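Have a look at final.txt; it's compact mmCIF, C-alpha atoms:
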# COMPACT_ATOMS: atom_id res chain seq x y z
CA MET Y 274 0.00 0.00 0.00
CA ASN Y 275 2.98 2.34 0.41
CA THR Y 276 3.22 2.52 -3.37
CA LEU Y 277 -0.28 4.02 -3.51
CA GLN Y 278 0.42 6.55 -0.75
CA PRO Y 279 1.13 9.50 -3.12
CA PHE Y 280 -2.38 9.11 -4.55
CA GLN Y 281 -3.90 9.67 -1.12
CA SER Y 282 -3.29 13.39 -1.59
CA LEU Y 283 -6.05 13.31 -4.21
CA ARG Y 284 -8.57 12.92 -1.39
CA ASN Y 285 -8.18 16.69 -1.02
CA PRO Y 286 -10.73 18.01 -3.56
CA VAL Y 287 -8.92 21.32 -4.14
CA PHE Y 288 -5.59 19.65 -4.84
CA ALA Y 289 -7.31 16.99 -6.95
CA ARG Y 290 -8.74 19.72 -9.18
CA LEU Y 291 -5.41 21.54 -9.37
CA TYR Y 292 -3.58 18.30 -10.16
CA THR Y 293 -6.04 17.40 -12.93
CA ALA Y 294 -5.71 20.87 -14.44
CA GLN Y 295 -1.92 20.70 -14.31
CA THR Y 296 -1.88 17.23 -15.87
CA THR Y 297 -4.11 18.46 -18.69
CA SER Y 298 -1.87 21.42 -19.49
CA LEU Y 299 1.29 19.30 -19.20
CA LEU Y 300 -0.10 16.92 -21.79
CA GLY Y 301 -0.72 19.90 -24.03
CA ASP Y 302 2.86 21.10 -23.45
CA THR Y 303 4.13 17.76 -24.73
CA LEU Y 304 2.19 18.29 -27.94
CA THR Y 305 3.66 21.78 -28.32
CA TRP Y 306 7.30 20.72 -27.99
CA VAL Y 307 6.90 17.87 -30.46
CA GLY Y 308 5.04 20.18 -32.82
CA LEU Y 309 7.73 22.82 -32.35
CA ALA Y 310 10.48 20.36 -33.33
CA LEU Y 311 8.55 19.45 -36.49
CA LEU Y 312 7.81 23.09 -37.24
CA ALA Y 313 11.48 24.01 -36.79
CA PHE Y 314 12.49 21.33 -39.27
CA GLU Y 315 9.85 22.54 -41.71
CA LEU Y 316 11.12 26.12 -41.59
CA ALA Y 317 14.86 25.62 -41.02
CA GLY Y 318 15.65 22.17 -42.36
CA LYS Y 319 19.10 20.99 -41.33
CA HIS Y 320 19.45 24.06 -39.08
CA SER Y 321 16.45 23.04 -36.96
CA GLY Y 322 18.77 22.00 -34.12
CA ILE Y 323 20.02 25.57 -33.84
CA VAL Y 324 16.44 26.83 -33.73
CA LEU Y 325 15.55 24.42 -30.93
CA SER Y 326 18.70 25.22 -28.94
CA ILE Y 327 17.91 28.93 -29.10
CA THR Y 328 14.31 28.36 -28.00
CA LEU Y 329 15.50 26.25 -25.05
CA THR Y 330 17.98 28.96 -24.09
CA LEU Y 331 15.20 31.55 -24.23
CA ARG Y 332 13.05 29.29 -22.05
CA VAL Y 333 15.65 28.87 -19.32
CA THR Y 334 16.72 32.52 -19.42
CA THR Y 335 13.13 33.66 -18.98
CA PHE Y 336 12.74 31.41 -15.95
CA VAL Y 337 15.90 32.76 -14.35
CA LEU Y 338 14.93 36.39 -14.84
CA LEU Y 339 11.21 36.35 -14.04
CA SER Y 340 10.53 33.54 -11.59
CA PRO Y 341 11.58 35.52 -8.47
CA LEU Y 342 9.09 38.25 -9.39
CA ALA Y 343 6.45 35.60 -10.05
CA GLY Y 344 6.94 34.18 -6.58
CA VAL Y 345 6.46 37.60 -4.99
CA ILE Y 346 3.24 38.15 -6.93
CA ALA Y 347 2.03 34.71 -5.82
CA ASP Y 348 2.43 35.85 -2.19
CA ARG Y 349 0.48 39.06 -2.78
CA PHE Y 350 -2.49 38.05 -4.92
CA ASP Y 351 -5.05 35.30 -5.34
CA ARG Y 352 -3.13 32.41 -6.89
CA LYS Y 353 -6.26 31.05 -8.54
CA ARG Y 354 -6.54 34.22 -10.64
CA ILE Y 355 -2.84 34.10 -11.49
CA MET Y 356 -3.06 30.51 -12.72
CA VAL Y 357 -6.25 31.12 -14.70
CA LEU Y 358 -4.77 34.22 -16.36
CA THR Y 359 -1.50 32.51 -17.28
CA HIS Y 360 -3.40 29.57 -18.76
CA LEU Y 361 -5.61 31.81 -20.90
CA VAL Y 362 -2.72 33.92 -22.18
CA ARG Y 363 -0.69 30.82 -23.03
CA MET Y 364 -3.73 29.46 -24.87
CA LEU Y 365 -3.73 32.57 -27.08
CA ILE Y 366 0.02 32.45 -27.69
CA VAL Y 367 0.03 28.76 -28.64
CA GLY Y 368 -2.91 29.48 -30.94
CA PHE Y 369 -0.64 31.66 -33.08
CA LEU Y 370 2.01 28.96 -33.63
CA PRO Y 371 0.10 27.16 -36.44
CA ILE Y 372 0.27 30.29 -38.63
CA VAL Y 373 4.02 30.91 -38.14
CA THR Y 374 5.97 31.33 -41.39
CA GLN Y 375 9.35 32.66 -40.15
CA VAL Y 376 11.87 31.40 -37.62
CA TRP Y 377 11.99 34.74 -35.78
CA GLN Y 378 8.27 34.42 -35.12
CA ILE Y 379 8.96 31.17 -33.27
CA TYR Y 380 11.48 32.95 -31.06
CA VAL Y 381 9.05 35.75 -30.21
CA LEU Y 382 6.16 33.43 -29.43
CA ILE Y 383 8.23 30.96 -27.41
CA PHE Y 384 9.81 33.76 -25.39
CA THR Y 385 6.37 35.22 -24.63
CA LEU Y 386 4.96 31.78 -23.83
CA ASN Y 387 7.70 31.14 -21.29
CA VAL Y 388 7.20 34.53 -19.65
CA PHE Y 389 3.82 33.23 -18.53
CA ASN Y 390 5.24 29.76 -17.80
CA ALA Y 391 7.66 31.51 -15.44
CA PHE Y 392 4.70 33.06 -13.61
CA PHE Y 393 2.61 29.90 -13.51
CA THR Y 394 5.05 27.22 -12.32
CA PRO Y 395 6.31 28.81 -9.05
CA THR Y 396 2.72 29.80 -8.26
CA TYR Y 397 1.53 26.23 -8.71
CA GLN Y 398 4.44 24.83 -6.68
CA ALA Y 399 3.75 27.24 -3.80
CA THR Y 400 0.02 26.46 -3.89
CA ILE Y 401 0.48 22.73 -3.19
CA PRO Y 402 1.53 23.23 0.47
CA LEU Y 403 -1.13 25.95 0.78
CA VAL Y 404 -4.05 23.64 -0.05
CA THR Y 405 -2.79 20.33 1.39
CA ARG Y 406 -2.28 19.23 4.96
CA GLN Y 407 1.06 18.89 6.72
CA ASP Y 408 1.07 15.12 6.19
CA ASP Y 409 -0.07 15.28 2.56
CA TYR Y 410 2.04 17.86 0.76
CA PRO Y 411 5.14 15.64 0.30
CA GLN Y 412 2.92 13.08 -1.43
CA ALA Y 413 1.21 15.80 -3.46
CA ILE Y 414 4.55 17.23 -4.63
CA ALA Y 415 5.81 13.74 -5.47
CA LEU Y 416 2.63 12.89 -7.41
CA SER Y 417 2.93 16.08 -9.48
CA SER Y 418 6.56 15.25 -10.24
CA ALA Y 419 5.77 11.65 -11.16
CA THR Y 420 3.06 12.78 -13.55
CA TYR Y 421 5.42 15.30 -15.15
CA GLN Y 422 8.06 12.61 -15.67
CA LEU Y 423 5.56 10.04 -16.96
CA LEU Y 424 4.14 12.46 -19.52
CA GLY Y 425 7.70 13.22 -20.57
CA VAL Y 426 8.06 9.52 -21.44
CA LEU Y 427 4.65 8.83 -22.97
CA GLY Y 428 3.80 12.25 -24.36
CA PRO Y 429 6.21 12.42 -27.33
CA SER Y 430 5.03 9.10 -28.75
CA LEU Y 431 1.41 10.21 -28.40
CA ALA Y 432 2.17 13.56 -30.00
CA GLY Y 433 4.07 11.90 -32.84
CA SER Y 434 1.13 9.59 -33.54
CA LEU Y 435 -1.31 12.50 -33.54
CA ALA Y 436 0.95 14.49 -35.89
CA VAL Y 437 0.69 11.68 -38.45
CA PHE Y 438 -3.11 11.87 -38.47
CA ILE Y 439 -3.85 15.59 -38.01
CA GLY Y 440 -0.57 17.30 -39.01
CA ALA Y 441 2.17 18.97 -36.99
CA ARG Y 442 0.66 22.45 -36.93
CA GLN Y 443 -2.68 21.20 -35.64
CA LEU Y 444 -0.96 19.92 -32.50
CA PHE Y 445 -0.78 23.50 -31.29
CA PHE Y 446 -4.57 23.83 -31.40
CA LEU Y 447 -4.87 20.80 -29.11
CA ASP Y 448 -2.42 22.40 -26.70
CA ALA Y 449 -4.45 25.61 -26.73
CA LEU Y 450 -7.53 23.56 -25.90
CA SER Y 451 -5.72 21.91 -23.00
CA PHE Y 452 -4.89 25.34 -21.53
CA LEU Y 453 -8.55 26.37 -21.84
CA VAL Y 454 -9.77 23.20 -20.09
CA ALA Y 455 -7.20 23.65 -17.30
CA ALA Y 456 -8.17 27.31 -16.84
CA VAL Y 457 -11.85 26.38 -16.48
CA MET Y 458 -11.00 23.71 -13.90
CA ILE Y 459 -9.04 26.17 -11.76
CA PHE Y 460 -11.58 28.99 -12.22
CA THR Y 461 -14.38 26.78 -10.89
CA LEU Y 462 -12.58 26.09 -7.62
CA PRO Y 463 -14.94 27.17 -4.82
CA THR Y 464 -12.39 29.20 -2.90
CA GLN Y 465 -9.60 31.73 -3.26
CA LEU Y 466 -6.03 30.46 -3.14
CA ARG Y 467 -4.46 33.28 -1.21
CA VAL Y 468 -2.10 33.41 1.74
CA ASP Y 469 -3.17 35.15 4.94
CA GLN Y 470 -2.25 38.77 4.34
CA SER Y 471 -2.32 39.53 8.08
CA GLN Y 472 0.72 37.29 8.51
CA GLN Y 473 2.77 38.82 5.71
CA THR Y 474 6.22 40.09 6.59
CA LYS Y 475 7.18 43.76 6.74
CA THR Y 476 8.92 43.58 3.36
CA THR Y 477 5.64 43.51 1.44
CA GLY Y 478 5.81 47.24 0.80
CA LYS Y 479 8.40 46.93 -1.98
CA ILE Y 480 8.56 44.28 -4.67
CA TRP Y 481 12.35 44.36 -4.86
CA GLN Y 482 12.63 43.76 -1.11
CA ASP Y 483 10.32 40.76 -1.44
CA ILE Y 484 12.41 39.35 -4.31
CA LYS Y 485 15.53 39.80 -2.21
CA ASP Y 486 13.77 38.21 0.76
CA GLY Y 487 12.96 35.09 -1.32
CA THR Y 488 16.59 34.58 -2.32
CA THR Y 489 17.82 35.43 1.18
CA ARG Y 490 15.58 32.80 2.73
CA LEU Y 491 16.73 30.30 0.11
CA PHE Y 492 20.42 30.74 0.94
CA THR Y 493 20.29 31.44 4.68
CA ASN Y 494 18.28 28.32 5.44
CA LEU Y 495 21.12 25.81 5.71
CA PRO Y 496 19.36 22.60 4.65
CA ILE Y 497 17.65 24.30 1.70
CA ARG Y 498 20.94 25.87 0.61
CA TYR Y 499 22.59 22.45 0.87
CA ALA Y 500 19.88 20.79 -1.23
CA LEU Y 501 20.04 23.59 -3.81
CA ALA Y 502 23.79 23.05 -4.09
CA MET Y 503 23.10 19.35 -4.67
CA GLN Y 504 20.84 20.41 -7.54
CA LEU Y 505 23.92 22.00 -9.13
CA VAL Y 506 25.65 18.61 -8.91
CA ALA Y 507 22.63 16.90 -10.44
CA SER Y 508 22.36 19.45 -13.25
CA VAL Y 509 26.01 18.91 -14.26
CA ALA Y 510 25.27 15.20 -14.70
CA GLY Y 511 21.77 15.70 -16.09
CA ALA Y 512 23.01 18.07 -18.79
CA GLN Y 513 25.37 15.35 -19.99
CA ILE Y 514 22.37 13.09 -20.53
CA LEU Y 515 20.28 15.67 -22.37
CA VAL Y 516 23.10 17.06 -24.53
CA ASN Y 517 25.44 14.14 -25.26
CA THR Y 518 23.28 11.01 -25.28
CA VAL Y 519 22.18 11.44 -28.88
CA GLY Y 520 25.80 11.75 -30.05
CA TYR Y 521 26.84 8.68 -28.09
CA ILE Y 522 23.95 6.57 -29.38
CA GLN Y 523 24.24 7.56 -33.03
CA GLY Y 524 27.95 8.38 -33.24
CA THR Y 525 29.71 5.94 -30.94
CA LEU Y 526 27.25 3.03 -30.87
CA LYS Y 527 26.12 3.59 -34.49
CA LEU Y 528 22.46 3.15 -33.57
CA GLY Y 529 19.37 5.08 -34.65
CA ASN Y 530 16.57 7.32 -33.41
CA GLN Y 531 14.56 4.43 -32.03
CA GLU Y 532 17.35 3.33 -29.71
CA TYR Y 533 17.87 6.92 -28.63
CA GLY Y 534 14.18 7.07 -27.72
CA TRP Y 535 14.50 3.90 -25.66
CA VAL Y 536 17.43 5.27 -23.67
CA MET Y 537 15.72 8.59 -22.92
CA ALA Y 538 12.52 6.75 -22.00
CA ALA Y 539 14.55 4.71 -19.49
CA PHE Y 540 15.71 7.97 -17.89
CA GLY Y 541 12.11 9.18 -17.64
CA ILE Y 542 10.85 5.88 -16.23
CA GLY Y 543 13.52 5.93 -13.54
CA ALA Y 544 12.52 9.48 -12.63
CA THR Y 545 8.83 8.51 -12.50
CA LEU Y 546 9.39 5.51 -10.25
CA SER Y 547 11.63 7.60 -8.01
CA SER Y 548 8.86 10.21 -7.60
CA ILE Y 549 6.39 7.54 -6.52
CA ALA Y 550 8.89 6.00 -4.11
CA PHE Y 551 9.69 9.41 -2.61
CA GLY Y 552 6.02 10.04 -1.94
CA ALA Y 553 5.68 6.66 -0.22
CA PHE Y 554 8.89 6.69 1.84
CA ASN Y 555 9.76 10.38 2.29
CA GLN Y 556 9.36 10.19 6.08
CA ARG Y 557 11.90 7.39 6.43
CA LEU Y 558 14.91 9.67 5.85
CA GLU Y 559 15.73 13.34 6.29
CA ARG Y 560 15.23 15.53 3.22
CA THR Y 561 18.94 16.36 3.07
CA SER Y 562 19.76 12.65 3.04
CA PHE Y 563 17.58 12.23 -0.04
CA ALA Y 564 19.40 15.15 -1.68
CA VAL Y 565 22.92 13.80 -1.19
CA MET Y 566 21.80 10.29 -2.07
CA GLY Y 567 20.25 11.51 -5.33
CA ALA Y 568 23.31 13.56 -6.28
CA THR Y 569 25.57 10.58 -5.59
CA ILE Y 570 23.39 8.24 -7.64
CA ILE Y 571 23.23 10.40 -10.76
CA THR Y 572 26.93 11.29 -10.80
CA THR Y 573 27.99 7.70 -10.17
CA ALA Y 574 25.78 6.52 -13.02
CA MET Y 575 27.77 8.77 -15.37
CA LEU Y 576 31.15 7.19 -14.69
CA PRO Y 577 30.87 3.90 -16.66
CA ALA Y 578 28.54 5.24 -19.38
CA ASN Y 579 31.27 5.73 -22.01
CA TYR Y 580 31.95 2.00 -21.91
CA ALA Y 581 28.31 0.84 -22.01
CA SER Y 582 26.39 -0.75 -24.86
CA LEU Y 583 22.68 -0.11 -25.38
CA ALA Y 584 21.17 -2.28 -22.64
CA PRO Y 585 23.62 -1.27 -19.87
CA LEU Y 586 23.20 2.38 -20.89
CA MET Y 587 19.43 2.10 -20.46
CA ILE Y 588 20.00 0.71 -16.96
CA LEU Y 589 22.46 3.47 -16.10
CA TRP Y 590 20.12 6.19 -17.37
CA SER Y 591 17.16 4.79 -15.43
CA ILE Y 592 19.35 4.92 -12.31
CA ALA Y 593 20.34 8.49 -13.19
CA GLY Y 594 16.64 9.40 -13.47
CA VAL Y 595 16.15 8.14 -9.92
CA GLY Y 596 18.96 10.36 -8.66
CA GLN Y 597 17.78 13.46 -10.52
CA THR Y 598 14.30 13.23 -9.05
CA LEU Y 599 15.44 12.56 -5.49
CA VAL Y 600 17.46 15.79 -5.51
CA ASN Y 601 14.68 17.90 -7.03
CA LEU Y 602 11.89 16.61 -4.80
CA SER Y 603 13.89 16.90 -1.59
CA THR Y 604 14.55 20.57 -2.31
CA GLN Y 605 10.93 21.39 -3.10
CA THR Y 606 9.72 19.56 -0.01
CA LEU Y 607 12.28 21.25 2.22
CA ILE Y 608 10.86 24.62 1.20
CA ALA Y 609 7.37 23.45 2.17
CA ASP Y 610 8.79 22.08 5.45
CA GLN Y 611 10.82 25.03 6.61
CA ILE Y 612 9.43 28.21 5.05
CA PRO Y 613 6.23 29.75 6.47
CA VAL Y 614 3.26 29.48 4.13
CA MET Y 615 2.76 33.23 3.81
CA VAL Y 616 6.16 33.69 2.10
CA GLN Y 617 6.58 30.38 0.30
CA GLY Y 618 5.68 31.90 -3.08
CA ARG Y 619 8.74 34.13 -3.20
CA VAL Y 620 11.01 31.29 -2.06
CA TYR Y 621 9.63 28.88 -4.66
CA GLY Y 622 10.11 31.61 -7.25
CA ALA Y 623 13.72 32.17 -6.19
CA HIS Y 624 14.34 28.43 -6.17
CA PHE Y 625 12.88 28.04 -9.67
CA ALA Y 626 15.22 30.76 -10.92
CA TRP Y 627 18.40 29.51 -9.24
CA SER Y 628 17.80 25.85 -10.10
CA HIS Y 629 17.42 26.82 -13.77
CA LEU Y 630 20.54 28.99 -13.55
CA TRP Y 631 22.44 25.80 -12.73
CA TRP Y 632 21.29 24.43 -16.10
CA VAL Y 633 22.44 27.60 -17.85
CA ILE Y 634 25.91 26.73 -16.50
CA SER Y 635 25.65 22.99 -17.08
CA TYR Y 636 24.42 22.97 -20.69
CA PRO Y 637 27.49 24.79 -22.12
CA LEU Y 638 29.77 22.62 -19.94
CA ALA Y 639 28.16 19.49 -21.36
CA GLY Y 640 28.54 20.82 -24.90
CA TRP Y 641 32.20 21.66 -24.31
CA LEU Y 642 32.95 18.22 -22.86
CA GLY Y 643 31.12 16.54 -25.72
CA SER Y 644 33.13 18.43 -28.33
CA HIS Y 645 36.56 18.25 -26.66
CA PHE Y 646 36.36 14.81 -25.02
CA PRO Y 647 33.96 12.84 -27.23
CA GLN Y 648 35.29 9.51 -25.95
CA TYR Y 649 35.04 10.45 -22.26
CA GLU Y 650 32.30 13.08 -21.97
CA PHE Y 651 30.20 11.13 -19.45
CA LEU Y 652 33.22 10.06 -17.41
CA SER Y 653 34.48 13.66 -17.33
CA GLY Y 654 31.07 15.03 -16.38
CA GLY Y 655 30.72 12.41 -13.64
CA CYS Y 656 34.13 13.28 -12.21
CA ILE Y 657 33.29 16.99 -12.17
CA GLY Y 658 29.99 16.20 -10.45
CA LEU Y 659 31.68 14.04 -7.82
CA LEU Y 660 34.27 16.75 -7.16
CA LEU Y 661 31.49 19.29 -6.61
CA LEU Y 662 29.69 16.80 -4.40
CA VAL Y 663 32.73 16.37 -2.16
CA VAL Y 664 33.28 20.14 -1.89
CA ILE Y 665 29.63 20.76 -0.98
CA GLN Y 666 29.65 17.91 1.52
CA LEU Y 667 32.71 19.37 3.22
CA THR Y 668 31.53 22.98 3.29
CA LEU Y 669 27.72 23.18 3.27
CA VAL Y 670 26.37 20.07 4.98
CA PRO Y 671 24.07 21.25 7.82
CA ARG Y 672 24.56 19.90 11.30
CA GLN Y 673 21.69 17.95 12.81
CA GLN Y 674 20.56 20.70 15.13
CA GLU Y 675 20.52 23.13 12.20
CA HIS Y 676 18.08 21.26 9.99
CA GLU Y 677 15.63 19.58 12.33
CA SER Y 678 13.01 22.36 12.18
CA PHE Y 679 9.81 22.71 10.23
CA TRP Y 680 6.91 25.13 9.76
CA HIS Y 681 3.39 24.03 10.46
CA GLU Y 682 0.10 25.16 11.98
CA HIS Y 683 -2.03 23.57 14.69
CA GLU Y 684 -4.43 24.62 17.38
CA HIS Y 685 -2.71 25.28 20.70
CA THR Y 686 -2.92 27.16 24.00
CA HIS Y 687 -0.37 28.81 26.30
CA ASN Y 688 -1.25 27.06 29.55
CA TYR Y 689 2.32 26.02 30.24
CA GLY Y 690 4.13 29.15 29.17
CA ASP Y 691 5.83 27.59 26.15
CA HIS Y 692 5.64 28.44 22.47
CA ASP Y 693 5.56 32.21 22.98
CA HIS Y 694 4.59 34.40 20.02
CA THR Y 695 2.78 37.63 19.16
CA HIS Y 696 -1.01 37.63 18.76
CA GLU Y 697 -3.48 39.62 16.73
CA VAL Y 698 -5.26 42.51 18.45
CA GLY Y 699 -8.40 41.31 20.21
CA MET Y 700 -7.39 37.64 20.37
CA VAL Y 701 -8.04 35.92 23.69
CA VAL Y 702 -4.73 34.16 24.27
CA SER Y 703 -6.17 31.85 26.89
CA GLU Y 704 -8.46 30.32 24.28
CA PRO Y 705 -7.27 27.72 21.72
CA HIS Y 706 -5.99 29.38 18.55
CA SER Y 707 -3.61 28.66 15.67
CA HIS Y 708 -0.96 30.33 13.53
CA ALA Y 709 1.98 29.28 11.36
CA HIS Y 710 5.09 28.70 13.48
CA GLN Y 711 8.33 26.77 13.56
CA HIS Y 712 9.14 23.74 15.70
CA GLN Y 713 12.33 21.84 16.35
CA ARG Y 714 12.11 18.13 15.53
CA ILE Y 715 14.08 15.97 17.96
CA ASP Y 716 14.98 12.41 17.04
CA CYS Y 717 14.83 9.91 19.87

Using structure tokens, write down the structure that the file contains.
Amino acid sequence: MNTLQPFQSLRNPVFARLYTAQTTSLLGDTLTWVGLALLAFELAGKHSGIVLSITLTLRVTTFVLLSPLAGVIADRFDRKRIMVLTHLVRMLIVGFLPIVTQVWQIYVLIFTLNVFNAFFTPTYQATIPLVTRQDDYPQAIALSSATYQLLGVLGPSLAGSLAVFIGARQLFFLDALSFLVAAVMIFTLPTQLRVDQSQQTKTTGKIWQDIKDGTTRLFTNLPIRYALAMQLVASVAGAQILVNTVGYIQGTLKLGNQEYGWVMAAFGIGATLSSIAFGAFNQRLERTSFAVMGATIITTAMLPANYASLAPLMILWSIAGVGQTLVNLSTQTLIADQIPVMVQGRVYGAHFAWSHLWWVISYPLAGWLGSHFPQYEFLSGGCIGLLLLVVIQLTLVPRQQEHESFWHEHEHTHNYGDHDHTHEVGMVVSEPHSHAHQHQRIDC
């Protein structure tokens, strides 16, 4: 039954609706990226790879620049309205892709599309702990991640099949429809999705101060900073997989597109299974233990890859997918654990930006290793990742007393003089009441 534990979060009707809406739009996203690859080949031919690399760079750059602002806005306004608006605008943008005739039009539309992606994703991530209970949000986060990974495996084959029957450009219309359906689902939620404004911090007067506050909380919280550093390790290894696998499969092993698809599917399957396992067993280990374990797994999987044939490579990449997901999920869950709900939006926004900045660094490194050390690119990337891992472990690992705290809310009284805190004007402190606060967890 532990395997089914992540699905228990769907008992929460608000999260169930949000999850269904997100799954619908993610399926549409899969159609868009497959359609975009086909459209790029139609317009640019043999230069389509350059077109796709530029669009991916635009995507990541937009996330880095705008996600911190998006997180601040998520703390200030009704998140339901933000998510509905971003879905509707993305529906309109995707609706223009079928009529594109020039490459530059792709760049403009993809940049604009990812502006609103940058506002939606941190908002959605911060909303999961807002609408779920203390015991349910790790499972909810894990279920969302597992669905994302699973659609990454199954979605391209579905999109490719649909493109054969309806045409590549028509895929964009289906994506636009998925955004509309998701927007309606979120709009019909019976409640606002807004943090308690009475508990906002004093920095809410200025947007820049709130952006700075999100990054400050990210780096001054020792376990979150440690897990974020482990994401840098994982991105160095993960970029090797995304950038250099195709060259290894087709250049070194002399295999084709089908085998490449199998290897990348193995990576996605490993990530999916890891998400489910994390949701079922996340309370067995500390979050930071999951982070270092995941970083170790993915970097170690890189080391023998240059000497692997097809079947061993699929096994190695499935193991790497496990490691990648363990690092990512532990970081997201740590934020929900240790950051008060009323400011989680800005921290999730800062995290989204910094974690994508790691990929901005890792992608060029992977390309350089692939071009200068084509026989040892995975071994080299794994060694660099392990070196980073050792440095982080020696310098940033939090001590036990520094990371055994968590934010939560429960009804309590002050009969015994403990748990002192400020109260709202007019509150009778002798009566049971609740507010978000931090506790120290002590292991016996």

Selection near region 303-307 of chain Y, 9 Å with all atoms listed in the file, sequence-local residues under 3 positions removed, as a tab-separated table (two decimals) with C-alpha atoms, in the frame of the given file:
chain	number	residue	atom	x	y	z
Y	298	SER	CA	-1.87	21.42	-19.49
Y	299	LEU	CA	1.29	19.30	-19.20
Y	300	LEU	CA	-0.10	16.92	-21.79
Y	310	ALA	CA	10.48	20.36	-33.33
Y	311	LEU	CA	8.55	19.45	-36.49
Y	312	LEU	CA	7.81	23.09	-37.24
Y	367	VAL	CA	0.03	28.76	-28.64
Y	424	LEU	CA	4.14	12.46	-19.52
Y	425	GLY	CA	7.70	13.22	-20.57
Y	428	GLY	CA	3.80	12.25	-24.36
Y	429	PRO	CA	6.21	12.42	-27.33
Y	431	LEU	CA	1.41	10.21	-28.40
Y	432	ALA	CA	2.17	13.56	-30.00
Y	433	GLY	CA	4.07	11.90	-32.84
Y	435	LEU	CA	-1.31	12.50	-33.54
Y	436	ALA	CA	0.95	14.49	-35.89
Y	441	ALA	CA	2.17	18.97	-36.99
Y	444	LEU	CA	-0.96	19.92	-32.50
Y	445	PHE	CA	-0.78	23.50	-31.29
Y	447	LEU	CA	-4.87	20.80	-29.11
Y	448	ASP	CA	-2.42	22.40	-26.70

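Between CA of Thr385 (chain Y) and CA of Arg354 (chain Y) lies a distance of 19.1 Å.
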
Select, from Y:Met458, Y:Leu526, Y:Met364, Y:Ala568, the residue with the minimum atom-to-atom distance to Gly655 (chain Y), counting all atoms listed in the file. Y:Ala568

Set the distance at 9 Å and use only C-alpha atoms: which residues neighbour Val536 (chain Y) once local chain neighbours fewer than 2 positions away are removed? I'd like the list as a VMD selection string. chain Y and resid 518 522 531 to 534 538 to 541 583 to 584 586 to 588 590 to 591

Spatial neighbours of region 326-335 of chain Y, max dist 12 Å, only C-alpha atoms, sep filter under 3 positions, as a count of residues only: 47

How far is it from CA of Glu315 (chain Y) to CA of Phe369 (chain Y), in Å with one decimal?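 We find that CA of Glu315 (chain Y) and CA of Phe369 (chain Y) lie 16.4 Å from each other.
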
Name the closest residue to Asp348 (chain Y) among the candidates Y:Ala500, Y:Leu466, Y:Val426, Y:Ile592; distances are taken between atoms, counting all atoms listed in the file. Y:Leu466

Considering only C-alpha atoms, return as a count of residues only whatever protein or nucleic-acid residues lie within 9 Å of region 350-352 of chain Y, sequence-local ones (same chain, fewer than 2 positions apart) excluded. 15

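The nearest approach to Ser548 (chain Y) among the residues Y:Ile372, Y:Pro496, Y:Ile570, Y:Val600, with only C-alpha atoms taken into account, belongs to Y:Val600.
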
Around the point (15.1, 7.0, -12.2) in the file's coordinates, collect all residues with an atom within 6 Å, using all atoms listed in the file, and return them as a ChimeraX atom specification. /Y:540,542-544,547,591-595

Using all atoms listed in the file, can you tell me which of Y:Arg672, Y:Leu505, Y:Ile480, Y:Phe438 comes closest to Asn601 (chain Y)?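 Of the candidates, the smallest distance to Asn601 (chain Y) is held by Y:Leu505.
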
Which residues are close to Leu652 (chain Y), i.e. within 8 Å by all atoms listed in the file, leaving aside same-chain residues fewer than 3 positions away? Reply as a count of residues only. 8

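Atom pair CA of Gln666 (chain Y) / CA of Gln605 (chain Y) has a distance of 19.6 Å (rounded to one decimal).
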
Restricting the calculation to all atoms listed in the file, which member of Y:Arg284, Y:Arg560, Y:Arg442, Y:Arg349 is positioned closest to Asp483 (chain Y)? Y:Arg349
